[in-house]
>>> print(open('run.cif').read())   # mmCIF, N, CA and C atoms and all ligand atoms
data_my_file
#
loop_
_atom_site.group_PDB
_atom_site.id
_atom_site.type_symbol
_atom_site.label_atom_id
_atom_site.label_comp_id
_atom_site.auth_asym_id
_atom_site.auth_seq_id
_atom_site.Cartn_x
_atom_site.Cartn_y
_atom_site.Cartn_z
ATOM 1 N N MET Y 27 63.009 137.180 109.854
ATOM 2 C CA MET Y 27 64.073 136.313 110.354
ATOM 3 C C MET Y 27 65.138 137.159 111.045
ATOM 4 N N SER Y 28 65.546 136.731 112.220
ATOM 5 C CA SER Y 28 66.571 137.504 112.909
ATOM 6 C C SER Y 28 67.892 136.758 112.896
ATOM 7 N N PHE Y 29 68.964 137.511 113.011
ATOM 8 C CA PHE Y 29 70.291 136.911 113.046
ATOM 9 C C PHE Y 29 71.150 137.747 113.979
ATOM 10 N N TYR Y 30 72.334 137.256 114.261
ATOM 11 C CA TYR Y 30 73.220 137.961 115.168
ATOM 12 C C TYR Y 30 74.348 138.649 114.427
ATOM 13 N N ILE Y 31 74.608 139.892 114.834
ATOM 14 C CA ILE Y 31 75.724 140.642 114.262
ATOM 15 C C ILE Y 31 76.449 141.326 115.410
ATOM 16 N N ARG Y 32 77.772 141.381 115.319
ATOM 17 C CA ARG Y 32 78.540 142.001 116.402
ATOM 18 C C ARG Y 32 78.527 143.516 116.269
ATOM 19 N N ILE Y 33 78.428 144.169 117.424
ATOM 20 C CA ILE Y 33 78.412 145.633 117.453
ATOM 21 C C ILE Y 33 79.681 146.092 118.168
ATOM 22 N N TRP Y 34 80.386 147.050 117.586
ATOM 23 C CA TRP Y 34 81.616 147.547 118.203
ATOM 24 C C TRP Y 34 81.277 148.726 119.098
ATOM 25 N N GLN Y 35 81.807 148.665 120.296
ATOM 26 C CA GLN Y 35 81.447 149.662 121.295
ATOM 27 C C GLN Y 35 82.650 149.924 122.201
ATOM 28 N N ALA Y 36 82.840 151.176 122.584
ATOM 29 C CA ALA Y 36 83.935 151.497 123.505
ATOM 30 C C ALA Y 36 83.635 150.858 124.850
ATOM 31 N N CYS Y 37 84.637 150.280 125.491
ATOM 32 C CA CYS Y 37 84.380 149.636 126.762
ATOM 33 C C CYS Y 37 85.588 149.702 127.681
ATOM 34 N N ASP Y 38 85.337 149.431 128.936
ATOM 35 C CA ASP Y 38 86.380 149.403 129.949
ATOM 36 C C ASP Y 38 86.621 147.924 130.273
ATOM 37 N N ALA Y 39 87.740 147.394 129.811
ATOM 38 C CA ALA Y 39 87.997 145.956 129.953
ATOM 39 C C ALA Y 39 88.041 145.522 131.423
ATOM 40 N N ALA Y 40 88.580 146.369 132.280
ATOM 41 C CA ALA Y 40 88.664 146.008 133.703
ATOM 42 C C ALA Y 40 87.268 145.886 134.303
ATOM 43 N N GLU Y 41 86.369 146.757 133.852
ATOM 44 C CA GLU Y 41 84.983 146.747 134.341
ATOM 45 C C GLU Y 41 84.271 145.476 133.833
ATOM 46 N N ILE Y 42 84.546 145.093 132.598
ATOM 47 C CA ILE Y 42 83.948 143.873 132.040
ATOM 48 C C ILE Y 42 84.438 142.650 132.827
ATOM 49 N N THR Y 43 85.727 142.596 133.122
ATOM 50 C CA THR Y 43 86.284 141.454 133.853
ATOM 51 C C THR Y 43 85.568 141.237 135.188
ATOM 52 N N LYS Y 44 85.149 142.311 135.832
ATOM 53 C CA LYS Y 44 84.472 142.198 137.136
ATOM 54 C C LYS Y 44 83.082 141.591 137.033
ATOM 55 N N HIS Y 45 82.533 141.553 135.801
ATOM 56 C CA HIS Y 45 81.137 141.113 135.648
ATOM 57 C C HIS Y 45 80.961 140.098 134.527
ATOM 58 N N LEU Y 46 82.038 139.374 134.198
ATOM 59 C CA LEU Y 46 81.992 138.504 133.020
ATOM 60 C C LEU Y 46 81.953 137.010 133.355
ATOM 61 N N LEU Y 47 81.053 136.328 132.668
ATOM 62 C CA LEU Y 47 80.909 134.883 132.757
ATOM 63 C C LEU Y 47 81.429 134.321 131.431
ATOM 64 N N ILE Y 48 82.409 133.412 131.505
ATOM 65 C CA ILE Y 48 82.992 132.856 130.280
ATOM 66 C C ILE Y 48 82.542 131.411 130.111
ATOM 67 N N VAL Y 49 81.787 131.153 129.061
ATOM 68 C CA VAL Y 49 81.212 129.834 128.834
ATOM 69 C C VAL Y 49 82.202 128.944 128.078
ATOM 70 N N GLY Y 50 82.404 127.722 128.608
ATOM 71 C CA GLY Y 50 83.246 126.738 127.935
ATOM 72 C C GLY Y 50 82.358 125.735 127.223
ATOM 73 N N ASP Y 51 82.732 124.460 127.242
ATOM 74 C CA ASP Y 51 81.928 123.461 126.540
ATOM 75 C C ASP Y 51 80.606 123.175 127.237
ATOM 76 N N LEU Y 52 80.633 123.042 128.565
ATOM 77 C CA LEU Y 52 79.406 122.708 129.289
ATOM 78 C C LEU Y 52 79.069 123.720 130.365
ATOM 79 N N THR Y 53 80.088 124.109 131.107
ATOM 80 C CA THR Y 53 79.848 125.057 132.192
ATOM 81 C C THR Y 53 80.631 126.340 131.910
ATOM 82 N N ALA Y 54 80.581 127.258 132.866
ATOM 83 C CA ALA Y 54 81.235 128.551 132.657
ATOM 84 C C ALA Y 54 82.161 128.868 133.819
ATOM 85 N N ASP Y 55 83.032 129.844 133.608
ATOM 86 C CA ASP Y 55 83.831 130.305 134.728
ATOM 87 C C ASP Y 55 83.752 131.821 134.877
ATOM 88 N N CYS Y 56 84.100 132.251 136.087
ATOM 89 C CA CYS Y 56 84.013 133.658 136.459
ATOM 90 C C CYS Y 56 85.325 134.338 136.063
ATOM 91 N N ALA Y 57 85.251 135.419 135.274
ATOM 92 C CA ALA Y 57 86.471 136.108 134.843
ATOM 93 C C ALA Y 57 87.137 136.829 136.008
ATOM 94 N N ALA Y 58 86.364 137.195 137.017
ATOM 95 C CA ALA Y 58 86.914 137.961 138.143
ATOM 96 C C ALA Y 58 87.799 137.102 139.042
ATOM 97 N N CYS Y 59 87.350 135.889 139.391
ATOM 98 C CA CYS Y 59 88.124 135.056 140.333
ATOM 99 C C CYS Y 59 88.510 133.699 139.752
ATOM 100 N N ARG Y 60 88.096 133.423 138.521
ATOM 101 C CA ARG Y 60 88.432 132.165 137.832
ATOM 102 C C ARG Y 60 87.750 130.928 138.419
ATOM 103 N N GLU Y 61 86.708 131.135 139.208
ATOM 104 C CA GLU Y 61 85.942 129.991 139.705
ATOM 105 C C GLU Y 61 85.413 129.197 138.506
ATOM 106 N N LEU Y 62 85.488 127.849 138.583
ATOM 107 C CA LEU Y 62 85.090 126.990 137.467
ATOM 108 C C LEU Y 62 83.745 126.318 137.738
ATOM 109 N N GLY Y 63 83.171 125.748 136.691
ATOM 110 C CA GLY Y 63 81.990 124.903 136.860
ATOM 111 C C GLY Y 63 80.706 125.630 137.198
ATOM 112 N N ILE Y 64 80.570 126.874 136.766
ATOM 113 C CA ILE Y 64 79.355 127.647 137.052
ATOM 114 C C ILE Y 64 78.273 127.312 136.016
ATOM 115 N N ASN Y 65 77.040 127.140 136.493
ATOM 116 C CA ASN Y 65 75.914 126.883 135.597
ATOM 117 C C ASN Y 65 75.496 128.213 134.960
ATOM 118 N N TYR Y 66 75.930 128.432 133.707
ATOM 119 C CA TYR Y 66 75.714 129.750 133.095
ATOM 120 C C TYR Y 66 74.246 130.056 132.790
ATOM 121 N N ALA Y 67 73.429 128.999 132.680
ATOM 122 C CA ALA Y 67 72.019 129.233 132.370
ATOM 123 C C ALA Y 67 71.278 129.848 133.556
ATOM 124 N N ALA Y 68 71.809 129.648 134.765
ATOM 125 C CA ALA Y 68 71.068 130.086 135.951
ATOM 126 C C ALA Y 68 71.781 131.121 136.815
ATOM 127 N N ALA Y 69 73.113 131.126 136.822
ATOM 128 C CA ALA Y 69 73.842 131.953 137.796
ATOM 129 C C ALA Y 69 73.702 133.457 137.538
ATOM 130 N N LYS Y 70 73.234 134.166 138.553
ATOM 131 C CA LYS Y 70 73.145 135.633 138.454
ATOM 132 C C LYS Y 70 74.416 136.265 139.013
ATOM 133 N N ALA Y 71 75.083 135.527 139.892
ATOM 134 C CA ALA Y 71 76.309 136.016 140.515
ATOM 135 C C ALA Y 71 77.251 134.842 140.728
ATOM 136 N N CYS Y 72 78.538 135.141 140.918
ATOM 137 C CA CYS Y 72 79.528 134.092 141.141
ATOM 138 C C CYS Y 72 79.351 133.497 142.536
ATOM 139 N N PRO Y 73 79.280 132.155 142.638
ATOM 140 C CA PRO Y 73 79.103 131.532 143.955
ATOM 141 C C PRO Y 73 80.331 131.717 144.852
ATOM 142 N N LYS Y 74 81.475 132.018 144.256
ATOM 143 C CA LYS Y 74 82.692 132.175 145.059
ATOM 144 C C LYS Y 74 82.962 133.630 145.454
ATOM 145 N N CYS Y 75 83.066 134.527 144.467
ATOM 146 C CA CYS Y 75 83.454 135.909 144.795
ATOM 147 C C CYS Y 75 82.275 136.873 144.831
ATOM 148 N N GLY Y 76 81.093 136.421 144.398
ATOM 149 C CA GLY Y 76 79.906 137.273 144.478
ATOM 150 C C GLY Y 76 79.765 138.280 143.343
ATOM 151 N N ALA Y 77 80.640 138.220 142.340
ATOM 152 C CA ALA Y 77 80.530 139.144 141.200
ATOM 153 C C ALA Y 77 79.156 138.998 140.548
ATOM 154 N N ILE Y 78 78.518 140.122 140.260
ATOM 155 C CA ILE Y 78 77.225 140.104 139.568
ATOM 156 C C ILE Y 78 77.518 140.023 138.078
ATOM 157 N N PHE Y 79 76.961 139.027 137.396
ATOM 158 C CA PHE Y 79 77.227 138.880 135.967
ATOM 159 C C PHE Y 79 76.374 139.823 135.130
ATOM 160 N N ARG Y 80 77.054 140.587 134.268
ATOM 161 C CA ARG Y 80 76.361 141.489 133.334
ATOM 162 C C ARG Y 80 76.761 141.171 131.894
ATOM 163 N N PHE Y 81 77.907 140.492 131.732
ATOM 164 C CA PHE Y 81 78.410 140.157 130.399
ATOM 165 C C PHE Y 81 78.620 138.662 130.303
ATOM 166 N N ILE Y 82 78.553 138.147 129.078
ATOM 167 C CA ILE Y 82 78.809 136.730 128.855
ATOM 168 C C ILE Y 82 79.620 136.588 127.570
ATOM 169 N N ALA Y 83 80.537 135.611 127.559
ATOM 170 C CA ALA Y 83 81.335 135.341 126.360
ATOM 171 C C ALA Y 83 81.465 133.837 126.239
ATOM 172 N N SER Y 84 81.804 133.351 125.045
ATOM 173 C CA SER Y 84 81.983 131.922 124.848
ATOM 174 C C SER Y 84 83.346 131.656 124.239
ATOM 175 N N ARG Y 85 83.989 130.567 124.701
ATOM 176 C CA ARG Y 85 85.275 130.192 124.107
ATOM 177 C C ARG Y 85 85.087 129.566 122.724
ATOM 178 N N ASN Y 86 83.833 129.267 122.358
ATOM 179 C CA ASN Y 86 83.574 128.559 121.099
ATOM 180 C C ASN Y 86 82.949 129.439 120.022
ATOM 181 N N THR Y 87 83.363 130.697 119.972
ATOM 182 C CA THR Y 87 82.804 131.582 118.944
ATOM 183 C C THR Y 87 83.901 132.195 118.085
ATOM 184 N N GLY Y 88 85.039 131.520 118.014
ATOM 185 C CA GLY Y 88 86.136 132.013 117.175
ATOM 186 C C GLY Y 88 85.857 131.760 115.704
ATOM 187 N N LYS Y 89 86.682 132.332 114.861
ATOM 188 C CA LYS Y 89 86.519 132.189 113.411
ATOM 189 C C LYS Y 89 86.503 130.722 112.966
ATOM 190 N N LEU Y 90 87.256 129.881 113.698
ATOM 191 C CA LEU Y 90 87.374 128.482 113.283
ATOM 192 C C LEU Y 90 86.290 127.582 113.872
ATOM 193 N N ASP Y 91 85.445 128.152 114.749
ATOM 194 C CA ASP Y 91 84.366 127.342 115.320
ATOM 195 C C ASP Y 91 83.208 127.310 114.342
ATOM 196 N N ARG Y 92 82.988 126.146 113.770
ATOM 197 C CA ARG Y 92 82.039 126.020 112.665
ATOM 198 C C ARG Y 92 80.612 126.426 113.029
ATOM 199 N N ASN Y 93 80.176 126.046 114.229
ATOM 200 C CA ASN Y 93 78.783 126.362 114.577
ATOM 201 C C ASN Y 93 78.688 127.522 115.561
ATOM 202 N N ARG Y 94 79.474 128.570 115.334
ATOM 203 C CA ARG Y 94 79.447 129.642 116.336
ATOM 204 C C ARG Y 94 78.116 130.382 116.387
ATOM 205 N N GLY Y 95 77.424 130.448 115.245
ATOM 206 C CA GLY Y 95 76.094 131.077 115.255
ATOM 207 C C GLY Y 95 75.152 130.321 116.184
ATOM 208 N N GLY Y 96 75.218 128.990 116.134
ATOM 209 C CA GLY Y 96 74.383 128.149 116.992
ATOM 210 C C GLY Y 96 74.762 128.307 118.454
ATOM 211 N N THR Y 97 76.061 128.456 118.710
ATOM 212 C CA THR Y 97 76.533 128.645 120.082
ATOM 213 C C THR Y 97 76.009 129.969 120.645
ATOM 214 N N VAL Y 98 76.095 131.008 119.849
ATOM 215 C CA VAL Y 98 75.608 132.319 120.299
ATOM 216 C C VAL Y 98 74.109 132.248 120.581
ATOM 217 N N LYS Y 99 73.350 131.620 119.690
ATOM 218 C CA LYS Y 99 71.891 131.531 119.869
ATOM 219 C C LYS Y 99 71.542 130.750 121.136
ATOM 220 N N ARG Y 100 72.228 129.615 121.343
ATOM 221 C CA ARG Y 100 71.960 128.779 122.518
ATOM 222 C C ARG Y 100 72.187 129.580 123.803
ATOM 223 N N ILE Y 101 73.281 130.336 123.835
ATOM 224 C CA ILE Y 101 73.591 131.099 125.045
ATOM 225 C C ILE Y 101 72.643 132.288 125.198
ATOM 226 N N LYS Y 102 72.373 132.987 124.115
ATOM 227 C CA LYS Y 102 71.466 134.147 124.184
ATOM 228 C C LYS Y 102 70.040 133.716 124.552
ATOM 229 N N ASP Y 103 69.619 132.541 124.075
ATOM 230 C CA ASP Y 103 68.281 132.048 124.421
ATOM 231 C C ASP Y 103 68.175 131.823 125.924
ATOM 232 N N ARG Y 104 69.276 131.348 126.524
ATOM 233 C CA ARG Y 104 69.262 131.067 127.956
ATOM 234 C C ARG Y 104 69.503 132.314 128.796
ATOM 235 N N ARG Y 105 70.315 133.233 128.276
ATOM 236 C CA ARG Y 105 70.657 134.434 129.054
ATOM 237 C C ARG Y 105 70.424 135.731 128.275
ATOM 238 N N PRO Y 106 69.158 136.030 127.965
ATOM 239 C CA PRO Y 106 68.891 137.283 127.245
ATOM 240 C C PRO Y 106 69.195 138.518 128.100
ATOM 241 N N ASP Y 107 69.376 138.321 129.403
ATOM 242 C CA ASP Y 107 69.651 139.440 130.315
ATOM 243 C C ASP Y 107 71.103 139.921 130.263
ATOM 244 N N LEU Y 108 72.007 139.111 129.687
ATOM 245 C CA LEU Y 108 73.418 139.475 129.684
ATOM 246 C C LEU Y 108 73.854 139.998 128.316
ATOM 247 N N THR Y 109 74.839 140.903 128.319
ATOM 248 C CA THR Y 109 75.400 141.415 127.075
ATOM 249 C C THR Y 109 76.455 140.425 126.588
ATOM 250 N N PHE Y 110 76.277 139.926 125.367
ATOM 251 C CA PHE Y 110 77.200 138.941 124.808
ATOM 252 C C PHE Y 110 78.381 139.671 124.175
ATOM 253 N N ILE Y 111 79.582 139.398 124.685
ATOM 254 C CA ILE Y 111 80.761 140.028 124.085
ATOM 255 C C ILE Y 111 81.611 138.964 123.389
ATOM 256 N N ASP Y 112 82.469 139.398 122.487
ATOM 257 C CA ASP Y 112 83.298 138.454 121.745
ATOM 258 C C ASP Y 112 84.535 138.074 122.554
ATOM 259 N N TYR Y 113 84.704 136.781 122.771
ATOM 260 C CA TYR Y 113 85.803 136.307 123.618
ATOM 261 C C TYR Y 113 87.172 136.662 123.050
ATOM 262 N N GLU Y 114 87.342 136.559 121.735
ATOM 263 C CA GLU Y 114 88.653 136.865 121.143
ATOM 264 C C GLU Y 114 88.992 138.353 121.281
ATOM 265 N N ASP Y 115 87.986 139.213 121.128
ATOM 266 C CA ASP Y 115 88.205 140.653 121.343
ATOM 267 C C ASP Y 115 88.642 140.880 122.785
ATOM 268 N N TYR Y 116 87.922 140.249 123.701
ATOM 269 C CA TYR Y 116 88.217 140.418 125.128
ATOM 270 C C TYR Y 116 89.639 139.949 125.445
ATOM 271 N N LYS Y 117 90.015 138.778 124.918
ATOM 272 C CA LYS Y 117 91.350 138.233 125.159
ATOM 273 C C LYS Y 117 92.427 139.153 124.598
ATOM 274 N N GLU Y 118 92.156 139.686 123.426
ATOM 275 C CA GLU Y 118 93.133 140.567 122.782
ATOM 276 C C GLU Y 118 93.358 141.822 123.627
ATOM 277 N N ILE Y 119 92.277 142.427 124.081
ATOM 278 C CA ILE Y 119 92.381 143.667 124.866
ATOM 279 C C ILE Y 119 93.014 143.399 126.230
ATOM 280 N N THR Y 120 92.572 142.367 126.931
ATOM 281 C CA THR Y 120 93.131 142.102 128.257
ATOM 282 C C THR Y 120 94.585 141.632 128.123
ATOM 283 N N GLY Y 121 94.918 140.927 127.044
ATOM 284 C CA GLY Y 121 96.301 140.512 126.813
ATOM 285 C C GLY Y 121 97.207 141.715 126.645
ATOM 286 N N LYS Y 122 96.732 142.713 125.888
ATOM 287 C CA LYS Y 122 97.511 143.941 125.699
ATOM 288 C C LYS Y 122 97.701 144.657 127.026
ATOM 289 N N GLU Y 123 96.648 144.694 127.842
ATOM 290 C CA GLU Y 123 96.748 145.385 129.134
ATOM 291 C C GLU Y 123 97.721 144.673 130.057
ATOM 292 N N HIS Y 124 97.687 143.331 130.038
ATOM 293 C CA HIS Y 124 98.626 142.587 130.879
ATOM 294 C C HIS Y 124 100.060 142.897 130.464
ATOM 295 N N ALA Y 125 100.289 142.951 129.140
ATOM 296 C CA ALA Y 125 101.627 143.221 128.633
ATOM 297 C C ALA Y 125 102.075 144.607 129.077
ATOM 298 N N ARG Y 126 101.163 145.569 129.011
ATOM 299 C CA ARG Y 126 101.485 146.953 129.391
ATOM 300 C C ARG Y 126 101.819 147.012 130.890
ATOM 301 N N ASN Y 127 101.021 146.339 131.710
ATOM 302 C CA ASN Y 127 101.277 146.355 133.156
ATOM 303 C C ASN Y 127 102.594 145.651 133.487
ATOM 304 N N PHE Y 128 102.904 144.627 132.730
ATOM 305 C CA PHE Y 128 104.117 143.865 132.954
ATOM 306 C C PHE Y 128 105.368 144.731 132.776
ATOM 307 N N PHE Y 129 105.298 145.635 131.797
ATOM 308 C CA PHE Y 129 106.481 146.443 131.486
ATOM 309 C C PHE Y 129 106.557 147.728 132.289
ATOM 310 N N LYS Y 130 105.584 147.988 133.167
ATOM 311 C CA LYS Y 130 105.607 149.211 133.981
ATOM 312 C C LYS Y 130 106.688 149.158 135.046
HETATM 313 ZN ZN ZN R 201 84.015 134.855 140.916
#
>>> encode(input="run.cif", output="structure tokens")
Amino acid sequence: MSFYIRIWQACDAAEITKHLLIVGDLTADCAACRELGINYAAAKACPKCGAIFRFIASRNTGKLDRNRGGTVKRIKDRRPDLTFIDYEDYKEITGKEHARNFFK
């Protein structure tokens, strides 16, 4: 039986933003240009800015999302080619970077 476990890895948040697809309830959006309504099951690149997707995250995998295991499986089954990252981790890191840039 297989299950999902998160792996912690050093990363470059700016590099992830250039290649990240963020899945909402039904469709996804591009982290690079914020284009909405992307079909995450099929899109290899953003139809608006052309970003090549290498990472995927879901807004429904937080601690309070009851079926987050099911959400991860559904997305991974459709997109085994993309690296699944944790949306809350991503938000936390990019939020810190925005704050740092703001005070420069
Ligand atoms: Zn885009």
>>> closest_residue(input="run.cif", among="Y:Cys56, Y:Ala77, Y:Ala36, Y:Tyr66", to="Arg105 (chain Y)", atoms="all atoms listed in the file")
Y:Tyr66
>>> closest_atom_pairs(input="run.cif", of="chain Y", to="ligand ZN 201 (chain R)", cutoff="6 Å", atoms="all atoms listed in the file", output="Markdown table")
| residue | atom | partner | partner_atom | distance |
| --- | --- | --- | --- | --- |
| Y:Cys56 | CA | R:ZN201 | ZN | 4.6 |
| Y:Ala57 | N | R:ZN201 | ZN | 5.8 |
| Y:Ala58 | C | R:ZN201 | ZN | 4.8 |
| Y:Cys59 | N | R:ZN201 | ZN | 3.8 |
| Y:Arg60 | N | R:ZN201 | ZN | 4.9 |
| Y:Glu61 | N | R:ZN201 | ZN | 4.9 |
| Y:Cys72 | CA | R:ZN201 | ZN | 4.6 |
| Y:Pro73 | N | R:ZN201 | ZN | 5.7 |
| Y:Lys74 | C | R:ZN201 | ZN | 4.8 |
| Y:Cys75 | N | R:ZN201 | ZN | 3.7 |
| Y:Gly76 | N | R:ZN201 | ZN | 4.8 |
| Y:Ala77 | N | R:ZN201 | ZN | 5.0 |
>>> write_last_selection(input="run.cif", atoms="N, CA and C atoms", output="compact mmCIF listing (two decimals), keeping the file's coordinate frame")
# COMPACT_ATOMS: atom_id res chain seq x y z
N CYS Y 56 84.10 132.25 136.09
CA CYS Y 56 84.01 133.66 136.46
C CYS Y 56 85.32 134.34 136.06
N ALA Y 57 85.25 135.42 135.27
CA ALA Y 57 86.47 136.11 134.84
C ALA Y 57 87.14 136.83 136.01
N ALA Y 58 86.36 137.20 137.02
CA ALA Y 58 86.91 137.96 138.14
C ALA Y 58 87.80 137.10 139.04
N CYS Y 59 87.35 135.89 139.39
CA CYS Y 59 88.12 135.06 140.33
C CYS Y 59 88.51 133.70 139.75
N ARG Y 60 88.10 133.42 138.52
CA ARG Y 60 88.43 132.16 137.83
C ARG Y 60 87.75 130.93 138.42
N GLU Y 61 86.71 131.14 139.21
CA GLU Y 61 85.94 129.99 139.71
C GLU Y 61 85.41 129.20 138.51
N CYS Y 72 78.54 135.14 140.92
CA CYS Y 72 79.53 134.09 141.14
C CYS Y 72 79.35 133.50 142.54
N PRO Y 73 79.28 132.16 142.64
CA PRO Y 73 79.10 131.53 143.96
C PRO Y 73 80.33 131.72 144.85
N LYS Y 74 81.47 132.02 144.26
CA LYS Y 74 82.69 132.18 145.06
C LYS Y 74 82.96 133.63 145.45
N CYS Y 75 83.07 134.53 144.47
CA CYS Y 75 83.45 135.91 144.79
C CYS Y 75 82.28 136.87 144.83
N GLY Y 76 81.09 136.42 144.40
CA GLY Y 76 79.91 137.27 144.48
C GLY Y 76 79.76 138.28 143.34
N ALA Y 77 80.64 138.22 142.34
CA ALA Y 77 80.53 139.14 141.20
C ALA Y 77 79.16 139.00 140.55
>>> atom_distance(input="run.cif", atom1="atom C of Ser28 (chain Y)", atom2="CA of Tyr116 (chain Y)")
24.0 Å
>>> closest_residue(input="run.cif", among="Y:Ala71, Y:Ala40, Y:Ile111, Y:Leu52", to="Ala83 (chain Y)", atoms="all atoms listed in the file")
Y:Ile111
>>> residues_around(input="run.cif", residues="Thr109 (chain Y)", least_positions_apart="2", cutoff="5 Å", atoms="all atoms listed in the file", output="list in words")
Arg80, Phe81, Ile82, Asp107 and Ile111 of chain Y
>>> select_by_dssp(input="run.cif", residues="region 41-125 of chain Y", states="strand (DSSP E)", output="number ranges by chain")
Y: 46-49, 54-56, 81-84, 109-110
>>> residues_near_point(input="run.cif", point="(78.7, 124.4, 137.1)", cutoff="7 Å", atoms="all atoms listed in the file", output="PyMOL selection string")
chain Y and resi 52-54+62-66
>>> residues_around(input="run.cif", residues="Arg85 (chain Y)", least_positions_apart="6", cutoff="10 Å", atoms="only C-alpha atoms", output="list in words")
Ile48, Val49, Gly50, Asp51, Ala54, Asp91, Arg94, Thr97, Asp112, Tyr113 and Glu114 of chain Y
>>> select_by_dssp(input="run.cif", residues="region 82-125 of chain Y", states="alpha helix (DSSP H)", output="JSON, numbers by chain")
{"Y": [94, 95, 96, 97, 98, 99, 100, 101, 102, 103, 104, 113, 114, 115, 116, 117, 118, 119, 120, 121, 122, 123, 124, 125]}
>>> decode(input="run.cif", residues="region 35-70 of chain Y", atoms="C-alpha atoms", output="PDB file, in the first residue's frame")
ATOM      1  CA  GLN Y  35      13.879  20.176   0.237  1.00  0.00           C
ATOM      2  CA  ALA Y  36      15.852  23.380  -0.294  1.00  0.00           C
ATOM      3  CA  CYS Y  37      14.301  25.398  -3.086  1.00  0.00           C
ATOM      4  CA  ASP Y  38      14.322  28.701  -4.903  1.00  0.00           C
ATOM      5  CA  ALA Y  39      10.851  30.198  -4.452  1.00  0.00           C
ATOM      6  CA  ALA Y  40      11.244  32.604  -7.378  1.00  0.00           C
ATOM      7  CA  GLU Y  41      12.137  29.682  -9.652  1.00  0.00           C
ATOM      8  CA  ILE Y  42       9.084  27.728  -8.435  1.00  0.00           C
ATOM      9  CA  THR Y  43       6.789  30.708  -9.106  1.00  0.00           C
ATOM     10  CA  LYS Y  44       7.892  30.705 -12.766  1.00  0.00           C
ATOM     11  CA  HIS Y  45       6.756  27.094 -13.201  1.00  0.00           C
ATOM     12  CA  LEU Y  46       3.886  26.625 -10.755  1.00  0.00           C
ATOM     13  CA  LEU Y  47       0.286  25.638 -11.402  1.00  0.00           C
ATOM     14  CA  ILE Y  48      -2.023  26.301  -8.433  1.00  0.00           C
ATOM     15  CA  VAL Y  49      -5.122  24.115  -8.335  1.00  0.00           C
ATOM     16  CA  GLY Y  50      -8.341  25.528  -6.863  1.00  0.00           C
ATOM     17  CA  ASP Y  51     -11.702  23.777  -6.608  1.00  0.00           C
ATOM     18  CA  LEU Y  52     -12.122  22.931 -10.295  1.00  0.00           C
ATOM     19  CA  THR Y  53      -9.518  24.672 -12.374  1.00  0.00           C
ATOM     20  CA  ALA Y  54      -6.033  26.026 -11.767  1.00  0.00           C
ATOM     21  CA  ASP Y  55      -4.157  29.259 -12.134  1.00  0.00           C
ATOM     22  CA  CYS Y  56      -0.659  30.179 -13.225  1.00  0.00           C
ATOM     23  CA  ALA Y  57       1.560  31.481 -10.390  1.00  0.00           C
ATOM     24  CA  ALA Y  58       3.708  33.429 -12.862  1.00  0.00           C
ATOM     25  CA  CYS Y  59       0.997  35.621 -14.454  1.00  0.00           C
ATOM     26  CA  ARG Y  60      -2.128  34.742 -12.411  1.00  0.00           C
ATOM     27  CA  GLU Y  61      -4.047  33.532 -15.458  1.00  0.00           C
ATOM     28  CA  LEU Y  62      -7.225  31.770 -14.219  1.00  0.00           C
ATOM     29  CA  GLY Y  63      -9.280  28.818 -15.400  1.00  0.00           C
ATOM     30  CA  ILE Y  64      -6.462  26.545 -16.585  1.00  0.00           C
ATOM     31  CA  ASN Y  65      -7.272  22.850 -17.069  1.00  0.00           C
ATOM     32  CA  TYR Y  66      -4.653  21.389 -14.717  1.00  0.00           C
ATOM     33  CA  ALA Y  67      -5.141  17.822 -15.935  1.00  0.00           C
ATOM     34  CA  ALA Y  68      -3.925  18.713 -19.425  1.00  0.00           C
ATOM     35  CA  ALA Y  69      -1.962  21.988 -19.498  1.00  0.00           C
ATOM     36  CA  LYS Y  70       1.780  21.612 -20.054  1.00  0.00           C
TER      37      LYS Y  70
END
